[in-house]
Amino acid sequence: MGSTAGKDVRLNKFLASCGIGSRRGCETFIREGRVEINGEITLDLSVRVGPNDHVRFDGKLLRSQNDFTIVLNKPKGYLCTRNDPQGRKTIYELLPRKFSSLNYIGRLDLDSCGLLLLTSSGELTEKLTHPRFHVEKEYEVQLDRPFDGEKTERLLEGIHLSEGLAKAESISFDSRRRLRVVLTQGYNRQIRRMFSKLNYKVKRLERVRIGKLTMPILSTGDFQVLNHREIEAASKRS
């Protein structure tokens, strides 16, 4: 997944390579008339652009960039947002200012920690968030009391939340209080809400794997730039 420079590519792919959003999201921007090619607004999703074309989004000239992705060992107490009206700490305060344009992929809530990816790649964002790609995310979950193993099937078969049927792909046990939960969905606070429906409280929640990428050896709050092989691992189905 490198730069699109030097070849004709579909417009939505070019926009994604500039960090505007996922390809699907960029199609919406095109339909809304927010994209110009060589001074003219286009609504054509099939149009292709080359290295000599000038593409603007909301009036700003775009240039394709090489994909850039980092992994952050997110601590508890930090929000996945750029700005918080309540003045709480955000993940971007942990990063150099030059990374402020990177987009996080799949938020972790304030009280959760672990593996968090931030990227300039709309293509990678789509691969890791769209359900059709079925990329696994693994979490270590610590509960307030021992889990009744007979309720495991309920987590696997699915629990109804307001967004839809939330279910785990697999459940394994380190102990009766410490479980490993694998998801391919990404509903808001999904694991906490699923266990709450079964009358359990999640005391600690840490993401330890995305695709085939596991957490590098990083201190809490530290980050690492990923190489091409590691980025590919993150988007692979396990």
# chains A, B, ... in the order shown; residues from 1 in each chain; ligands from 1

call {"tool": "residues_around", "arguments": {"residues": "A:Thr184", "least_positions_apart": "4", "cutoff": "10 Å", "atoms": "only C-alpha atoms", "output": "ChimeraX atom specification"}}
result
/A:128-138,166-169,210-211,237

call {"tool": "select_by_dssp", "arguments": {"residues": "stretch 105-237 of chain A", "states": "helix (DSSP H, G or I)", "output": "PyMOL selection string"}}
result
chain A and resi 122-129+131-133+149-157+190-197+228-234

call {"tool": "write_last_selection", "arguments": {"atoms": "C-alpha atoms", "output": "CSV table (one decimal), in the first residue's frame"}}
result
chain,number,residue,atom,x,y,z
A,122,GLY,CA,-8.1,5.5,4.1
A,123,GLU,CA,-7.7,2.0,2.5
A,124,LEU,CA,-6.3,0.5,5.7
A,125,THR,CA,-9.1,2.2,7.7
A,126,GLU,CA,-11.7,0.6,5.5
A,127,LYS,CA,-10.1,-2.8,5.7
A,128,LEU,CA,-10.1,-2.8,9.5
A,129,THR,CA,-13.5,-1.3,10.1
A,131,PRO,CA,-17.6,-5.8,8.4
A,132,ARG,CA,-17.1,-7.5,5.0
A,133,PHE,CA,-13.3,-7.9,5.7
A,149,GLY,CA,-19.0,-20.9,31.7
A,150,GLU,CA,-22.6,-21.9,30.8
A,151,LYS,CA,-23.2,-18.4,29.6
A,152,THR,CA,-20.4,-18.6,27.0
A,153,GLU,CA,-22.8,-19.6,24.3
A,154,ARG,CA,-24.9,-16.5,24.8
A,155,LEU,CA,-21.8,-14.4,23.9
A,156,LEU,CA,-21.1,-16.5,20.8
A,157,GLU,CA,-24.7,-16.7,19.6
A,190,GLN,CA,-19.5,-3.6,22.8
A,191,ILE,CA,-17.7,-5.9,25.2
A,192,ARG,CA,-18.7,-3.9,28.3
A,193,ARG,CA,-22.3,-3.8,27.2
A,194,MET,CA,-22.4,-7.5,26.3
A,195,PHE,CA,-21.2,-8.6,29.7
A,196,SER,CA,-23.4,-6.0,31.4
A,197,LYS,CA,-26.4,-7.8,29.8
A,228,HIS,CA,4.9,-2.6,5.5
A,229,ARG,CA,4.9,-6.1,6.8
A,230,GLU,CA,3.3,-5.2,10.1
A,231,ILE,CA,0.6,-3.1,8.3
A,232,GLU,CA,-0.2,-6.1,6.1
A,233,ALA,CA,-0.4,-8.3,9.2
A,234,ALA,CA,-2.9,-6.0,10.8

call {"tool": "residues_around", "arguments": {"residues": "A:Tyr139", "least_positions_apart": "3", "cutoff": "6 Å", "atoms": "only C-alpha atoms", "output": "PyMOL selection string"}}
result
chain A and resi 180-181+206-208

call {"tool": "closest_residue", "arguments": {"among": "A:Asn52, A:Asp144, A:Leu72, A:Glu40", "to": "A:Ser219", "atoms": "only C-alpha atoms"}}
result
A:Leu72

call {"tool": "closest_residue", "arguments": {"among": "A:Lys13, A:Leu117, A:Phe57, A:Glu93", "to": "A:Pro216", "atoms": "only C-alpha atoms"}}
result
A:Leu117

call {"tool": "residues_around", "arguments": {"residues": "A:Glu36", "least_positions_apart": "6", "cutoff": "10 Å", "atoms": "only C-alpha atoms", "output": "PDB file with C-alpha atoms, in the first residue's frame"}}
result
ATOM      1  CA  ILE A  30     -17.783  12.989  -4.475  1.00  0.00           C
ATOM      2  CA  THR A  42     -17.189  15.915 -10.650  1.00  0.00           C
ATOM      3  CA  LEU A  43     -19.946  13.607  -9.402  1.00  0.00           C
ATOM      4  CA  HIS A  54      -5.135  18.675 -10.061  1.00  0.00           C
ATOM      5  CA  VAL A  55      -7.627  17.395  -7.490  1.00  0.00           C
ATOM      6  CA  ARG A  56      -9.159  19.605  -4.819  1.00  0.00           C
ATOM      7  CA  PHE A  57     -11.298  18.666  -1.821  1.00  0.00           C
ATOM      8  CA  ASP A  58     -13.318  21.514  -0.318  1.00  0.00           C
ATOM      9  CA  GLY A  59     -11.083  23.839  -2.334  1.00  0.00           C
ATOM     10  CA  LYS A  60      -7.809  22.424  -0.995  1.00  0.00           C
ATOM     11  CA  LEU A  61      -5.301  20.980  -3.462  1.00  0.00           C
TER      12      LEU A  61
END

call {"tool": "residues_around", "arguments": {"residues": "A:Thr81", "least_positions_apart": "6", "cutoff": "10 Å", "atoms": "only C-alpha atoms", "output": "ChimeraX atom specification"}}
result
/A:88-92,103-104,107

call {"tool": "write_last_selection", "arguments": {"atoms": "N, CA and C atoms", "output": "PDB file, in the first residue's frame"}}
result
ATOM      1  N   ARG A  88     -10.882  16.720  28.857  1.00  0.00           N
ATOM      2  CA  ARG A  88     -10.185  15.503  29.267  1.00  0.00           C
ATOM      3  C   ARG A  88      -9.014  15.208  28.328  1.00  0.00           C
ATOM      4  N   LYS A  89      -8.108  14.366  28.779  1.00  0.00           N
ATOM      5  CA  LYS A  89      -6.907  14.052  27.998  1.00  0.00           C
ATOM      6  C   LYS A  89      -7.272  13.233  26.758  1.00  0.00           C
ATOM      7  N   THR A  90      -6.559  13.473  25.654  1.00  0.00           N
ATOM      8  CA  THR A  90      -6.797  12.736  24.418  1.00  0.00           C
ATOM      9  C   THR A  90      -5.524  12.013  23.993  1.00  0.00           C
ATOM     10  N   ILE A  91      -5.697  11.011  23.136  1.00  0.00           N
ATOM     11  CA  ILE A  91      -4.547  10.225  22.678  1.00  0.00           C
ATOM     12  C   ILE A  91      -3.539  11.080  21.930  1.00  0.00           C
ATOM     13  N   TYR A  92      -3.996  12.174  21.306  1.00  0.00           N
ATOM     14  CA  TYR A  92      -3.076  13.004  20.522  1.00  0.00           C
ATOM     15  C   TYR A  92      -2.098  13.765  21.411  1.00  0.00           C
ATOM     16  N   ASN A 103      -5.501   9.434  11.611  1.00  0.00           N
ATOM     17  CA  ASN A 103      -6.818   9.035  12.095  1.00  0.00           C
ATOM     18  C   ASN A 103      -6.725   7.711  12.846  1.00  0.00           C
ATOM     19  N   TYR A 104      -7.370   7.623  13.995  1.00  0.00           N
ATOM     20  CA  TYR A 104      -7.363   6.359  14.731  1.00  0.00           C
ATOM     21  C   TYR A 104      -8.348   5.392  14.081  1.00  0.00           C
ATOM     22  N   ARG A 107     -11.966   3.029  17.861  1.00  0.00           N
ATOM     23  CA  ARG A 107     -11.625   3.674  19.122  1.00  0.00           C
ATOM     24  C   ARG A 107     -11.622   2.690  20.286  1.00  0.00           C
TER      25      ARG A 107
END

call {"tool": "closest_residue", "arguments": {"among": "A:Asp53, A:Cys26, A:Arg178, A:Leu226", "to": "A:Gly39", "atoms": "only C-alpha atoms"}}
result
A:Asp53

call {"tool": "residues_around", "arguments": {"residues": "A:Arg48", "least_positions_apart": "3", "cutoff": "10 Å", "atoms": "only C-alpha atoms", "output": "PyMOL selection string"}}
result
chain A and resi 7-14+37+44-45+53

call {"tool": "write_last_selection", "arguments": {"atoms": "N, CA and C atoms", "output": "PDB file, in the first residue's frame"}}
result
ATOM      1  N   LYS A   7       0.500   6.904 -11.737  1.00  0.00           N
ATOM      2  CA  LYS A   7      -0.403   6.010 -12.448  1.00  0.00           C
ATOM      3  C   LYS A   7      -1.829   6.507 -12.289  1.00  0.00           C
ATOM      4  N   ASP A   8      -2.667   6.132 -13.259  1.00  0.00           N
ATOM      5  CA  ASP A   8      -4.080   6.497 -13.172  1.00  0.00           C
ATOM      6  C   ASP A   8      -4.778   5.606 -12.161  1.00  0.00           C
ATOM      7  N   VAL A   9      -5.562   6.216 -11.289  1.00  0.00           N
ATOM      8  CA  VAL A   9      -6.300   5.452 -10.284  1.00  0.00           C
ATOM      9  C   VAL A   9      -7.708   6.029 -10.196  1.00  0.00           C
ATOM     10  N   ARG A  10      -8.630   5.205  -9.677  1.00  0.00           N
ATOM     11  CA  ARG A  10      -9.983   5.705  -9.451  1.00  0.00           C
ATOM     12  C   ARG A  10      -9.934   6.852  -8.446  1.00  0.00           C
ATOM     13  N   LEU A  11     -10.847   7.789  -8.622  1.00  0.00           N
ATOM     14  CA  LEU A  11     -10.845   8.997  -7.799  1.00  0.00           C
ATOM     15  C   LEU A  11     -10.980   8.687  -6.324  1.00  0.00           C
ATOM     16  N   ASN A  12     -11.866   7.729  -5.974  1.00  0.00           N
ATOM     17  CA  ASN A  12     -12.050   7.446  -4.549  1.00  0.00           C
ATOM     18  C   ASN A  12     -10.780   6.880  -3.921  1.00  0.00           C
ATOM     19  N   LYS A  13     -10.022   6.091  -4.695  1.00  0.00           N
ATOM     20  CA  LYS A  13      -8.762   5.542  -4.181  1.00  0.00           C
ATOM     21  C   LYS A  13      -7.734   6.652  -3.987  1.00  0.00           C
ATOM     22  N   PHE A  14      -7.693   7.580  -4.940  1.00  0.00           N
ATOM     23  CA  PHE A  14      -6.759   8.696  -4.807  1.00  0.00           C
ATOM     24  C   PHE A  14      -7.084   9.517  -3.560  1.00  0.00           C
ATOM     25  N   ILE A  37     -11.793  18.259 -10.160  1.00  0.00           N
ATOM     26  CA  ILE A  37     -10.657  17.795 -10.953  1.00  0.00           C
ATOM     27  C   ILE A  37     -10.377  18.845 -12.013  1.00  0.00           C
ATOM     28  N   ASP A  44     -18.847  11.935 -10.780  1.00  0.00           N
ATOM     29  CA  ASP A  44     -18.660  10.630 -11.414  1.00  0.00           C
ATOM     30  C   ASP A  44     -17.754   9.751 -10.550  1.00  0.00           C
ATOM     31  N   LEU A  45     -18.320   8.690  -9.984  1.00  0.00           N
ATOM     32  CA  LEU A  45     -17.539   7.808  -9.111  1.00  0.00           C
ATOM     33  C   LEU A  45     -16.536   6.966  -9.880  1.00  0.00           C
ATOM     34  N   ASP A  53      -3.135  15.487 -13.103  1.00  0.00           N
ATOM     35  CA  ASP A  53      -4.414  16.084 -12.741  1.00  0.00           C
ATOM     36  C   ASP A  53      -4.299  16.836 -11.417  1.00  0.00           C
TER      37      ASP A  53
END

call {"tool": "select_by_dssp", "arguments": {"residues": "stretch 28-102 of chain A", "states": "strand (DSSP E or B)", "output": "list of chain:residue names"}}
result
A:Val35, A:Glu36, A:Ile37, A:Glu40, A:Ile41, A:Arg48, A:Val49, A:Val55, A:Arg56, A:Phe57, A:Lys60, A:Leu61, A:Thr69, A:Ile70, A:Val71, A:Leu72, A:Asn73, A:Lys74, A:Leu79, A:Thr90

call {"tool": "closest_residue", "arguments": {"among": "A:Asp174, A:Leu110, A:Leu118, A:Arg63", "to": "A:Leu95", "atoms": "only C-alpha atoms"}}
result
A:Leu118

call {"tool": "atom_distance", "arguments": {"atom1": "atom CA of A:Gln224", "atom2": "atom CA of A:Leu79"}}
result
19.1 Å

call {"tool": "atom_distance", "arguments": {"atom1": "atom CA of A:Thr119", "atom2": "atom CA of A:Gly33"}}
result
25.6 Å
